[in-house]
>>> print(open('run-v1.tsv').read())   # TSV, C-alpha atoms
chain	number	residue	atom	x	y	z
K	16	MET	CA	68.81	44.69	-215.54
K	17	LEU	CA	68.29	41.03	-214.73
K	18	PRO	CA	64.88	39.65	-213.73
K	19	PRO	CA	64.22	39.44	-209.97
K	20	VAL	CA	64.31	36.07	-208.23
K	21	ASN	CA	60.92	34.32	-208.19
K	22	TRP	CA	60.46	32.58	-204.84
K	23	LEU	CA	58.28	29.53	-204.25
K	24	PRO	CA	57.50	28.50	-200.65
K	25	GLU	CA	57.95	24.84	-201.61
K	26	THR	CA	58.31	22.79	-204.77
K	27	PRO	CA	59.39	19.26	-205.65
K	28	SER	CA	61.93	20.67	-208.13
K	29	THR	CA	62.78	24.20	-209.23
K	30	ASN	CA	63.76	22.80	-212.64
K	31	SER	CA	60.27	21.33	-213.05
K	32	ALA	CA	58.64	24.54	-211.78
K	33	LEU	CA	60.59	26.68	-214.24
K	34	ARG	CA	59.86	24.27	-217.07
K	35	SER	CA	56.13	24.61	-216.32
K	36	LEU	CA	56.40	28.41	-216.44
K	37	ILE	CA	58.15	28.26	-219.81
K	38	ALA	CA	55.21	26.26	-221.18
K	39	GLN	CA	52.71	28.84	-219.90
K	40	GLU	CA	54.21	32.19	-220.88
K	41	PRO	CA	57.21	33.86	-222.50
K	42	LEU	CA	59.97	34.35	-219.97
K	43	GLU	CA	62.98	36.63	-220.05
K	44	PRO	CA	66.43	35.09	-220.31
K	45	TRP	CA	68.09	34.68	-216.91
K	46	THR	CA	64.75	34.21	-215.13
K	47	VAL	CA	65.28	32.47	-211.78
K	48	VAL	CA	62.93	30.27	-209.77
K	49	ALA	CA	64.12	29.58	-206.22
K	50	THR	CA	62.77	27.88	-203.13
K	51	LEU	CA	63.80	27.31	-199.53
K	52	ARG	CA	62.18	23.87	-199.53
K	53	GLN	CA	62.80	21.56	-202.47
K	54	THR	CA	61.35	18.13	-201.81
K	55	ALA	CA	62.66	16.16	-204.79
K	56	GLY	CA	65.78	17.94	-206.00
K	57	ARG	CA	67.98	15.92	-208.31
K	58	GLY	CA	71.70	15.83	-208.76
K	59	GLN	CA	73.93	14.34	-211.42
K	60	ARG	CA	73.81	10.57	-212.02
K	61	GLY	CA	70.16	10.53	-210.88
K	62	ASN	CA	71.09	11.19	-207.25
K	63	THR	CA	68.96	13.24	-204.91
K	64	TRP	CA	70.41	16.38	-203.37
K	65	GLU	CA	70.13	16.63	-199.59
K	66	SER	CA	68.96	20.10	-198.57
K	67	GLU	CA	67.70	21.02	-195.13
K	68	PRO	CA	64.62	23.29	-195.53
K	69	GLY	CA	65.42	26.97	-195.30
K	70	LYS	CA	69.18	26.46	-195.21
K	71	ASN	CA	70.47	26.34	-198.78
K	72	ALA	CA	70.31	27.94	-202.21
K	73	SER	CA	68.09	25.78	-204.44
K	74	PHE	CA	67.24	27.49	-207.71
K	75	SER	CA	66.94	27.16	-211.46
K	76	LEU	CA	68.07	29.63	-214.10
K	77	LEU	CA	66.61	30.01	-217.58
K	78	ILE	CA	69.21	30.41	-220.33
K	79	ARG	CA	68.42	31.19	-223.93
K	80	PRO	CA	71.64	30.48	-225.83
K	81	HIS	CA	72.30	32.60	-228.88
K	82	GLU	CA	72.54	30.13	-231.76
K	83	LEU	CA	74.40	27.46	-229.82
K	84	LYS	CA	74.11	24.09	-231.53
K	85	ALA	CA	73.22	20.93	-229.67
K	86	SER	CA	76.77	19.77	-230.39
K	87	GLU	CA	78.03	22.81	-228.45
K	88	GLN	CA	76.29	22.01	-225.16
K	89	TRP	CA	79.62	21.95	-223.34
K	90	THR	CA	79.95	25.71	-223.95
K	91	LEU	CA	76.72	26.19	-222.03
K	92	SER	CA	78.06	24.06	-219.18
K	93	LEU	CA	81.16	26.27	-219.10
K	94	TRP	CA	79.00	29.40	-218.73
K	95	VAL	CA	77.22	27.94	-215.73
K	96	SER	CA	80.22	26.30	-214.05
K	97	ILE	CA	82.57	29.26	-214.39
K	98	GLY	CA	79.89	31.83	-213.50
K	99	THR	CA	78.85	29.92	-210.39
K	100	ARG	CA	82.41	29.53	-209.23
K	101	GLU	CA	83.16	33.19	-210.00
K	102	ALA	CA	80.27	34.38	-207.83
K	103	LEU	CA	81.19	32.12	-204.91
K	104	SER	CA	84.89	32.98	-205.04
K	105	SER	CA	84.19	36.41	-203.53
K	106	LEU	CA	82.63	34.74	-200.45
K	107	VAL	CA	85.31	32.24	-199.43
K	108	PRO	CA	88.57	33.07	-197.63
K	109	ASP	CA	90.81	31.41	-200.23
K	110	PRO	CA	89.32	31.37	-203.76
K	111	SER	CA	92.17	29.16	-205.02
K	112	ARG	CA	90.65	26.30	-202.98
K	113	LEU	CA	87.32	26.69	-204.79
K	114	ARG	CA	87.38	24.41	-207.83
K	115	MET	CA	85.08	22.80	-210.38
K	116	LYS	CA	85.04	19.00	-210.35
K	117	TRP	CA	84.43	17.74	-213.87
K	118	PRO	CA	81.93	18.21	-215.25
K	119	ASN	CA	80.22	20.75	-212.98
K	120	ASP	CA	80.31	20.10	-209.24
K	121	VAL	CA	81.55	22.91	-207.00
K	122	TYR	CA	84.30	21.80	-204.62
K	123	TYR	CA	86.14	23.50	-201.77
K	124	ASP	CA	89.31	21.48	-201.27
K	125	ASP	CA	88.04	17.87	-201.48
K	126	ARG	CA	84.52	18.62	-200.27
K	127	LYS	CA	81.41	19.26	-202.33
K	128	LEU	CA	79.90	22.70	-201.89
K	129	GLY	CA	77.32	22.50	-204.65
K	130	GLY	CA	76.15	20.90	-207.85
K	131	ILE	CA	74.66	21.79	-211.20
K	132	LEU	CA	72.19	19.93	-213.41
K	133	ILE	CA	71.51	21.32	-216.90
K	134	GLU	CA	68.51	20.39	-219.03
K	135	ASN	CA	68.28	21.45	-222.67
K	136	SER	CA	65.37	21.85	-225.06
K	137	LEU	CA	66.34	21.61	-228.72
K	138	ARG	CA	64.87	23.21	-231.81
K	139	GLY	CA	66.34	21.42	-234.77
K	140	GLU	CA	70.10	21.41	-234.41
K	141	PHE	CA	70.08	24.38	-232.02
K	142	ILE	CA	69.46	24.74	-228.28
K	143	ASP	CA	66.16	26.60	-227.86
K	144	TRP	CA	66.46	27.08	-224.10
K	145	SER	CA	68.23	25.55	-221.15
K	146	ILE	CA	67.53	25.28	-217.47
K	147	ALA	CA	70.46	25.21	-215.06
K	148	GLY	CA	69.42	23.74	-211.74
K	149	ILE	CA	71.91	24.89	-209.10
K	150	GLY	CA	72.22	23.82	-205.49
K	151	ILE	CA	74.68	25.47	-203.10
K	152	ASN	CA	75.10	24.42	-199.46
K	153	VAL	CA	74.82	27.70	-197.56
K	154	ASN	CA	73.74	27.43	-193.91
K	155	GLN	CA	73.39	23.66	-193.46
K	156	THR	CA	75.94	22.20	-191.03
K	157	ARG	CA	74.57	18.68	-190.46
K	158	PHE	CA	74.33	16.30	-193.41
K	159	LEU	CA	72.47	13.07	-192.82
K	160	SER	CA	72.66	11.35	-196.21
K	161	ASP	CA	75.45	9.00	-197.26
K	162	ALA	CA	77.06	11.68	-199.45
K	163	PRO	CA	80.75	11.28	-198.56
K	164	ASN	CA	82.06	14.82	-198.58
K	165	PRO	CA	79.56	17.72	-198.28
K	166	VAL	CA	80.52	21.16	-196.98
K	167	SER	CA	78.66	24.45	-196.69
K	168	LEU	CA	79.58	28.12	-196.79
K	169	ALA	CA	78.61	28.32	-193.12
K	170	GLN	CA	81.21	25.69	-192.30
K	171	ILE	CA	83.88	27.27	-194.49
K	172	LEU	CA	83.29	30.74	-193.06
K	173	ASP	CA	82.44	29.59	-189.52
K	174	GLN	CA	79.28	31.70	-189.72
K	175	ASP	CA	75.59	31.01	-189.75
K	176	ASN	CA	72.51	32.82	-191.02
K	177	LEU	CA	74.15	33.82	-194.30
K	178	GLU	CA	71.73	35.59	-196.64
K	179	ILE	CA	70.71	33.28	-199.46
K	180	GLU	CA	69.08	35.60	-202.00
K	181	PRO	CA	72.21	37.76	-202.59
K	182	ILE	CA	74.15	34.57	-203.31
K	183	ILE	CA	71.57	33.49	-205.90
K	184	ALA	CA	71.53	36.95	-207.49
K	185	ALA	CA	75.34	37.01	-207.65
K	186	ILE	CA	75.42	33.64	-209.42
K	187	GLN	CA	72.68	34.74	-211.82
K	188	GLY	CA	74.66	37.85	-212.75
K	189	ALA	CA	77.99	36.06	-213.03
K	190	ILE	CA	76.60	33.43	-215.40
K	191	ALA	CA	75.04	36.14	-217.57
K	192	GLU	CA	78.42	37.91	-217.75
K	193	THR	CA	80.32	34.69	-218.42
K	194	SER	CA	78.06	33.93	-221.40
K	195	ARG	CA	79.69	36.89	-223.21
K	196	LEU	CA	83.11	35.20	-223.31
K	197	ASP	CA	84.48	33.37	-226.35
K	198	TYR	CA	85.08	29.63	-226.20
K	199	ASP	CA	88.87	29.78	-225.96
K	200	THR	CA	88.66	32.08	-222.94
K	201	LEU	CA	86.05	29.85	-221.33
K	202	ALA	CA	88.08	26.69	-221.90
K	203	SER	CA	91.25	28.28	-220.51
K	204	ARG	CA	89.46	29.57	-217.44
K	205	TYR	CA	87.75	26.23	-216.77
K	206	HIS	CA	91.06	24.41	-217.12
K	207	SER	CA	92.60	26.74	-214.53
K	208	ILE	CA	89.91	26.01	-211.93
K	209	LEU	CA	89.47	22.29	-212.59
K	210	TRP	CA	89.64	20.17	-209.44
K	211	ARG	CA	92.75	17.97	-209.28
K	212	ASN	CA	94.21	19.56	-212.39
K	213	ASP	CA	97.56	19.90	-210.64
K	214	GLY	CA	99.80	17.78	-212.86
K	215	LEU	CA	99.83	14.97	-210.29
K	216	PRO	CA	98.40	11.46	-210.77
K	217	HIS	CA	95.08	10.77	-209.06
K	218	SER	CA	92.97	7.63	-208.82
K	219	PHE	CA	89.99	7.03	-211.10
K	220	VAL	CA	87.53	4.17	-211.51
K	221	THR	CA	85.35	3.06	-214.43
K	222	PRO	CA	81.84	1.59	-214.03
K	223	ASP	CA	83.20	-1.96	-214.36
K	224	GLY	CA	85.46	-1.39	-211.33
K	225	THR	CA	88.72	-0.84	-213.20
K	226	ARG	CA	90.98	1.47	-211.20
K	227	PHE	CA	93.92	3.43	-212.54
K	228	ASP	CA	96.04	6.47	-211.77
K	229	ALA	CA	96.22	9.35	-214.23
K	230	THR	CA	96.75	13.07	-214.57
K	231	ILE	CA	94.13	15.34	-216.13
K	232	SER	CA	95.23	16.54	-219.56
K	233	HIS	CA	92.33	18.68	-220.72
K	234	VAL	CA	88.60	18.76	-221.43
K	235	LEU	CA	87.54	18.60	-225.06
K	236	PRO	CA	84.93	20.91	-226.68
K	237	THR	CA	82.52	17.96	-226.49
K	238	GLY	CA	82.88	17.90	-222.70
K	239	HIS	CA	84.86	14.65	-222.71
K	240	ILE	CA	87.80	14.55	-220.31
K	241	SER	CA	91.23	13.43	-221.47
K	242	LEU	CA	93.37	11.60	-218.89
K	243	GLN	CA	96.99	10.53	-219.11
K	244	PRO	CA	97.51	7.27	-217.20
K	245	THR	CA	100.82	6.70	-215.44
K	246	SER	CA	101.45	4.06	-218.11
K	247	GLY	CA	99.93	3.68	-221.54
K	248	PRO	CA	98.28	6.03	-224.04
K	249	PRO	CA	95.86	8.89	-223.18
K	250	LEU	CA	92.26	7.91	-222.40
K	251	THR	CA	89.13	9.92	-223.16
K	252	PHE	CA	85.89	9.58	-221.24
K	253	ALA	CA	82.38	10.97	-221.42
K	254	PHE	CA	80.46	11.87	-218.29
K	255	LYS	CA	79.55	8.77	-216.23
K	256	GLU	CA	82.28	6.73	-217.94
K	257	VAL	CA	84.86	7.51	-215.24
K	258	THR	CA	84.80	8.74	-211.63
K	259	PRO	CA	87.63	10.23	-209.58
K	260	LEU	CA	88.21	8.56	-206.23
K	261	LEU	CA	88.37	10.76	-203.15
>>> encode(input="run-v1.tsv", output="structure tokens")
Amino acid sequence: MLPPVNWLPETPSTNSALRSLIAQEPLEPWTVVATLRQTAGRGQRGNTWESEPGKNASFSLLIRPHELKASEQWTLSLWVSIGTREALSSLVPDPSRLRMKWPNDVYYDDRKLGGILIENSLRGEFIDWSIAGIGINVNQTRFLSDAPNPVSLAQILDQDNLEIEPIIAAIQGAIAETSRLDYDTLASRYHSILWRNDGLPHSFVTPDGTRFDATISHVLPTGHISLQPTSGPPLTFAFKEVTPLL
């Protein structure tokens, strides 16, 4: 039995709220803190996440990895990415269009449905606990920020007033189940759902503005992505060292 979802009426960040709870009292693994109004939610690359109050799933999940080393953080990211995608795949009309954009954004076709931000606390060489902050666009249909490609479940399904708590609970359960899988199974499954992993060349750009076309080869156990340019040797990048172009 997984812990029930803990709801806050409003909070700057569910990650920060959960981190404060961890400091105050022992918490069960898979504890969730959720809110319908997050005023300072963060995304990857230091971006803010636009979320209309009351419309979306904004929550954080406590994970207590079993003897995962700090050098194995990518395994943890696989748990969260694959579990989140697994839970959402039962909601969309065509699960094959639901993909994970490296490292852990949720995409439906070429549009961003949600994002994940993972924070780790280390004890020596091991991960003591992790917080996965997850945001899924559920009922929002108007996006006012300059984010180029958002989409919501309401838009995909042409429905409104979707229930948010069952979606959160489904993701919570799916991540817990995914954490039981061995690394090879996780890596294979992630590879199969990786956005733009179709054997075709796509455009990428590095922070200095260098653009090139390449196919995705694979993702290493460190979380680095290996790309095969249309000419030249394979290239390997860490997160933030390369960005796919839409």
>>> residues_around(input="run-v1.tsv", residues="Pro19 of chain K", least_positions_apart="6", cutoff="9 Å", atoms="only C-alpha atoms", output="VMD selection string")
chain K and resid 46 to 47 184
>>> residues_around(input="run-v1.tsv", residues="segment 120-133 of chain K", least_positions_apart="2", cutoff="9 Å", atoms="only C-alpha atoms", output="MDAnalysis selection string")
chainID K and resid 30 57:59 64 91:92 95:96 99:100 110:118 135 145:153 163:168 171 210 261
>>> atom_distance(input="run-v1.tsv", atom1="atom CA of Thr156 of chain K", atom2="atom CA of Glu178 of chain K")
15.1 Å
>>> residues_around(input="run-v1.tsv", residues="segment 136-143 of chain K", least_positions_apart="6", cutoff="6 Å", atoms="all atoms listed in the file", output="PDB file with C-alpha atoms, in the coordinates of the input")
ATOM      1  CA  LEU K  83      74.400  27.460-229.820  1.00  0.00           C
ATOM      2  CA  LYS K  84      74.110  24.090-231.530  1.00  0.00           C
ATOM      3  CA  ALA K  85      73.220  20.930-229.670  1.00  0.00           C
TER       4      ALA K  85
END
>>> atom_distance(input="run-v1.tsv", atom1="atom CA of Ser194 of chain K", atom2="atom CA of Phe254 of chain K")
22.4 Å
>>> residues_near_point(input="run-v1.tsv", point="(55.4, 15.7, -207.0)", cutoff="12 Å", atoms="all atoms listed in the file", output="tab-separated table (two decimals) with C-alpha atoms, keeping the file's coordinate frame")
chain	number	residue	atom	x	y	z
K	25	GLU	CA	57.95	24.84	-201.61
K	26	THR	CA	58.31	22.79	-204.77
K	27	PRO	CA	59.39	19.26	-205.65
K	28	SER	CA	61.93	20.67	-208.13
K	29	THR	CA	62.78	24.20	-209.23
K	31	SER	CA	60.27	21.33	-213.05
K	32	ALA	CA	58.64	24.54	-211.78
K	53	GLN	CA	62.80	21.56	-202.47
K	54	THR	CA	61.35	18.13	-201.81
K	55	ALA	CA	62.66	16.16	-204.79
K	56	GLY	CA	65.78	17.94	-206.00
>>> atom_distance(input="run-v1.tsv", atom1="atom CA of Arg195 of chain K", atom2="atom CA of Leu33 of chain K")
23.4 Å
>>> residues_around(input="run-v1.tsv", residues="Ala49 of chain K", least_positions_apart="3", cutoff="6 Å", atoms="all atoms listed in the file", output="list in words")
Trp22, Ser73 and Phe74 of chain K
>>> residues_around(input="run-v1.tsv", residues="Asp213 of chain K", least_positions_apart="3", cutoff="12 Å", atoms="all atoms listed in the file", output="count of residues only")
13
>>> closest_residue(input="run-v1.tsv", among="K:Thr200, K:Ser75, K:Ser160, K:Asn176", to="Trp94 of chain K", atoms="only C-alpha atoms")
K:Thr200
>>> build_atoms(input="run-v1.tsv", residues="segment 187-211 of chain K", atoms="N, CA and C atoms", output="mmCIF file, in the coordinates of the input")
data_model
loop_
_atom_site.group_PDB
_atom_site.id
_atom_site.type_symbol
_atom_site.label_atom_id
_atom_site.label_comp_id
_atom_site.auth_asym_id
_atom_site.auth_seq_id
_atom_site.Cartn_x
_atom_site.Cartn_y
_atom_site.Cartn_z
ATOM 1 N N GLN K 187 73.449 34.376 -210.636
ATOM 2 C CA GLN K 187 72.680 34.740 -211.820
ATOM 3 C C GLN K 187 73.444 35.762 -212.669
ATOM 4 N N GLY K 188 73.948 36.813 -212.025
ATOM 5 C CA GLY K 188 74.660 37.850 -212.750
ATOM 6 C C GLY K 188 75.982 37.375 -213.325
ATOM 7 N N ALA K 189 76.691 36.546 -212.564
ATOM 8 C CA ALA K 189 77.990 36.060 -213.030
ATOM 9 C C ALA K 189 77.854 35.137 -214.230
ATOM 10 N N ILE K 190 76.818 34.306 -214.234
ATOM 11 C CA ILE K 190 76.600 33.430 -215.400
ATOM 12 C C ILE K 190 76.242 34.255 -216.626
ATOM 13 N N ALA K 191 75.396 35.265 -216.445
ATOM 14 C CA ALA K 191 75.040 36.140 -217.570
ATOM 15 C C ALA K 191 76.283 36.815 -218.143
ATOM 16 N N GLU K 192 77.185 37.270 -217.284
ATOM 17 C CA GLU K 192 78.420 37.910 -217.750
ATOM 18 C C GLU K 192 79.336 36.895 -218.431
ATOM 19 N N THR K 193 79.436 35.716 -217.864
ATOM 20 C CA THR K 193 80.320 34.690 -218.420
ATOM 21 C C THR K 193 79.875 34.276 -219.823
ATOM 22 N N SER K 194 78.577 34.337 -220.085
ATOM 23 C CA SER K 194 78.060 33.930 -221.400
ATOM 24 C C SER K 194 78.565 34.834 -222.524
ATOM 25 N N ARG K 195 79.164 35.982 -222.191
ATOM 26 C CA ARG K 195 79.690 36.890 -223.210
ATOM 27 C C ARG K 195 81.085 36.484 -223.694
ATOM 28 N N LEU K 196 81.727 35.557 -223.002
ATOM 29 C CA LEU K 196 83.110 35.200 -223.310
ATOM 30 C C LEU K 196 83.181 34.232 -224.493
ATOM 31 N N ASP K 197 84.287 34.304 -225.243
ATOM 32 C CA ASP K 197 84.480 33.370 -226.350
ATOM 33 C C ASP K 197 84.932 32.015 -225.812
ATOM 34 N N TYR K 198 84.828 30.996 -226.671
ATOM 35 C CA TYR K 198 85.080 29.630 -226.200
ATOM 36 C C TYR K 198 86.500 29.446 -225.688
ATOM 37 N N ASP K 199 87.488 29.982 -226.390
ATOM 38 C CA ASP K 199 88.870 29.780 -225.960
ATOM 39 C C ASP K 199 89.109 30.343 -224.558
ATOM 40 N N THR K 200 88.530 31.495 -224.279
ATOM 41 C CA THR K 200 88.660 32.080 -222.940
ATOM 42 C C THR K 200 87.970 31.215 -221.907
ATOM 43 N N LEU K 201 86.787 30.725 -222.238
ATOM 44 C CA LEU K 201 86.050 29.850 -221.330
ATOM 45 C C LEU K 201 86.841 28.578 -221.033
ATOM 46 N N ALA K 202 87.358 27.952 -222.081
ATOM 47 C CA ALA K 202 88.080 26.690 -221.900
ATOM 48 C C ALA K 202 89.325 26.895 -221.049
ATOM 49 N N SER K 203 90.045 27.985 -221.290
ATOM 50 C CA SER K 203 91.250 28.280 -220.510
ATOM 51 C C SER K 203 90.911 28.522 -219.043
ATOM 52 N N ARG K 204 89.839 29.268 -218.817
ATOM 53 C CA ARG K 204 89.460 29.570 -217.440
ATOM 54 C C ARG K 204 88.999 28.312 -216.712
ATOM 55 N N TYR K 205 88.216 27.469 -217.390
ATOM 56 C CA TYR K 205 87.750 26.230 -216.770
ATOM 57 C C TYR K 205 88.939 25.333 -216.425
ATOM 58 N N HIS K 206 89.887 25.239 -217.343
ATOM 59 C CA HIS K 206 91.060 24.410 -217.120
ATOM 60 C C HIS K 206 91.819 24.865 -215.871
ATOM 61 N N SER K 207 91.849 26.182 -215.654
ATOM 62 C CA SER K 207 92.600 26.740 -214.530
ATOM 63 C C SER K 207 91.928 26.497 -213.185
ATOM 64 N N ILE K 208 90.633 26.211 -213.189
ATOM 65 C CA ILE K 208 89.910 26.010 -211.930
ATOM 66 C C ILE K 208 89.439 24.565 -211.759
ATOM 67 N N LEU K 209 89.925 23.677 -212.611
ATOM 68 C CA LEU K 209 89.470 22.290 -212.590
ATOM 69 C C LEU K 209 90.083 21.549 -211.406
ATOM 70 N N TRP K 210 89.221 20.920 -210.635
ATOM 71 C CA TRP K 210 89.640 20.170 -209.440
ATOM 72 C C TRP K 210 90.609 19.056 -209.828
ATOM 73 N N ARG K 211 91.697 18.966 -209.091
ATOM 74 C CA ARG K 211 92.750 17.970 -209.280
ATOM 75 C C ARG K 211 93.531 18.143 -210.583
#
